[in-house]
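Worksheet for the structure shown next.
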Amino acid sequence: NSLSVIASLAANVKKIQILDTTGEFIGVYSGPVATPTLLFIVGPGSDQTIEHSISSGTLISVRSLTTSAITSGNLAMNFMG
């Protein structure tokens, strides 16, 4: 299944606030789509803040780890410096 690009960070990030209603395990990746690096996994129904440092200019992508595509619900991610 393919990656969905969600952000190219304009500033350094120290925390990510996550709200997930997709019902899926979601992988959050950094770097180029051709060679992504898994940063962390969001569990179904997550409502949490994760402390994770990410440098400005980093491309952030997501993909479902359990199905071919995210087809329902919402995934909201707030990147905080």
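Going through the structure tokens in order, the chains are called A, B, and so on, while each chain numbers its residues from 1 and the ligands are numbered from 1 in the order shown.
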Do you know which residues are at most 9 Å from Ala76 of chain A counting only C-alpha atoms, after dropping those on the same chain fewer than 4 positions away, and could you put them as a ChimeraX atom specification? /A:17-21
Shell of 6 Å around Gly81 of chain A, only C-alpha atoms, local chain residues under 2 positions omitted, as a PyMOL selection string: chain A and resi 12-14
Could the residues in this selection be saved with C-alpha atoms as a tab-separated table (two decimals), in the first residue's frame?
```
chain	number	residue	atom	x	y	z
A	12	ASN	CA	11.72	21.64	14.16
A	13	VAL	CA	9.18	19.47	15.99
A	14	LYS	CA	9.43	18.16	19.56
```
Which of these residues is nearest to Val28 of chain A, using only C-alpha atoms: A:Ile60, A:Thr49, A:Ala11, A:Ser72?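 Of all the options, A:Ile60 lies closest to Val28 of chain A.
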One number please: atom CA of Glu51 of chain A to atom CA of Asn78 of chain A, in Å, one decimal.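 Separating atom CA of Glu51 of chain A from atom CA of Asn78 of chain A is a distance of 11.9 Å.
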Name the residues in contact with Ala7 of chain A at a cut-off of 12 Å, using only C-alpha atoms, excluding same-chain residues fewer than 2 positions from it; report them as a ChimeraX atom specification. /A:3-5,9-11,13,28-32,54,56-62,76-79
Can those selected residues be exported to a file as a PDB file, in the first residue's frame so that it contains C-alpha atoms?
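Output (out_1.pdb):
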```pdb
ATOM      1  CA  LEU A   3       2.313   6.301   1.445  1.00  0.00           C
ATOM      2  CA  SER A   4       0.238   9.464   1.773  1.00  0.00           C
ATOM      3  CA  VAL A   5       2.372  12.581   2.244  1.00  0.00           C
ATOM      4  CA  LEU A   9       7.907  20.426   8.231  1.00  0.00           C
ATOM      5  CA  ALA A  10       8.651  24.158   8.221  1.00  0.00           C
ATOM      6  CA  ALA A  11      10.168  24.097  11.720  1.00  0.00           C
ATOM      7  CA  VAL A  13       9.178  19.466  15.990  1.00  0.00           C
ATOM      8  CA  VAL A  28       4.163   7.396  10.457  1.00  0.00           C
ATOM      9  CA  TYR A  29       7.254   7.737   8.255  1.00  0.00           C
ATOM     10  CA  SER A  30       9.944  10.327   7.546  1.00  0.00           C
ATOM     11  CA  GLY A  31      12.089  10.950   4.501  1.00  0.00           C
ATOM     12  CA  PRO A  32      11.606  10.373   0.784  1.00  0.00           C
ATOM     13  CA  ILE A  54      11.950  15.769  13.948  1.00  0.00           C
ATOM     14  CA  SER A  56      12.600  21.064   9.867  1.00  0.00           C
ATOM     15  CA  GLY A  57      12.360  20.217   6.170  1.00  0.00           C
ATOM     16  CA  THR A  58      11.533  16.559   6.902  1.00  0.00           C
ATOM     17  CA  LEU A  59       8.846  14.983   4.721  1.00  0.00           C
ATOM     18  CA  ILE A  60       6.227  13.148   6.835  1.00  0.00           C
ATOM     19  CA  SER A  61       4.018  10.400   5.392  1.00  0.00           C
ATOM     20  CA  VAL A  62       1.470   7.906   6.720  1.00  0.00           C
ATOM     21  CA  ALA A  76      -5.375  14.497  12.810  1.00  0.00           C
ATOM     22  CA  MET A  77      -1.732  15.256  13.636  1.00  0.00           C
ATOM     23  CA  ASN A  78      -0.566  18.520  15.204  1.00  0.00           C
ATOM     24  CA  PHE A  79       3.220  19.023  14.955  1.00  0.00           C
TER      25      PHE A  79
END
```
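Interatomic distance, atom CA of Ser68 of chain A against atom CA of Ile50 of chain A: 25.4 Å.
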Which of chain A counts as strand (DSSP E or B) under DSSP, as a VMD selection string please? chain A and resid 4 to 8 13 to 20 26 to 30 37 to 42 47 to 54 59 to 64 75 to 80
Can you pull out every residue within 12 Å of Thr67 of chain A, counting only C-alpha atoms, but drop anything in the same chain fewer than 6 positions away, and send it as a list in words?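 My reading of the contact set: Asn1, Ser2, Thr22, Gly23, Glu24, Phe25, Ile26 and Gly27 of chain A.
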Export of prior selection with C-alpha atoms as a CSV table (one decimal), in the first residue's frame:
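Contents of part00.csv, freshly written:
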```
chain,number,residue,atom,x,y,z
A,1,ASN,CA,0.0,0.0,0.0
A,2,SER,CA,1.2,3.5,-0.8
A,22,THR,CA,-9.7,5.4,11.4
A,23,GLY,CA,-9.7,2.1,13.3
A,24,GLU,CA,-6.4,1.2,11.6
A,25,PHE,CA,-2.8,0.8,12.8
A,26,ILE,CA,-1.1,3.7,11.0
A,27,GLY,CA,2.7,3.9,10.3
```
Between A:Ile16, A:Ala69, A:Arg63, A:Asn74, single out the one closest to Thr37 of chain A, counting only C-alpha atoms. A:Arg63
Quick check, in Å to one decimal: how far apart do atom CA of Gly73 of chain A and atom CA of Gln48 of chain A lie?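 Rounded to one decimal, the two atoms are 16.6 Å apart.
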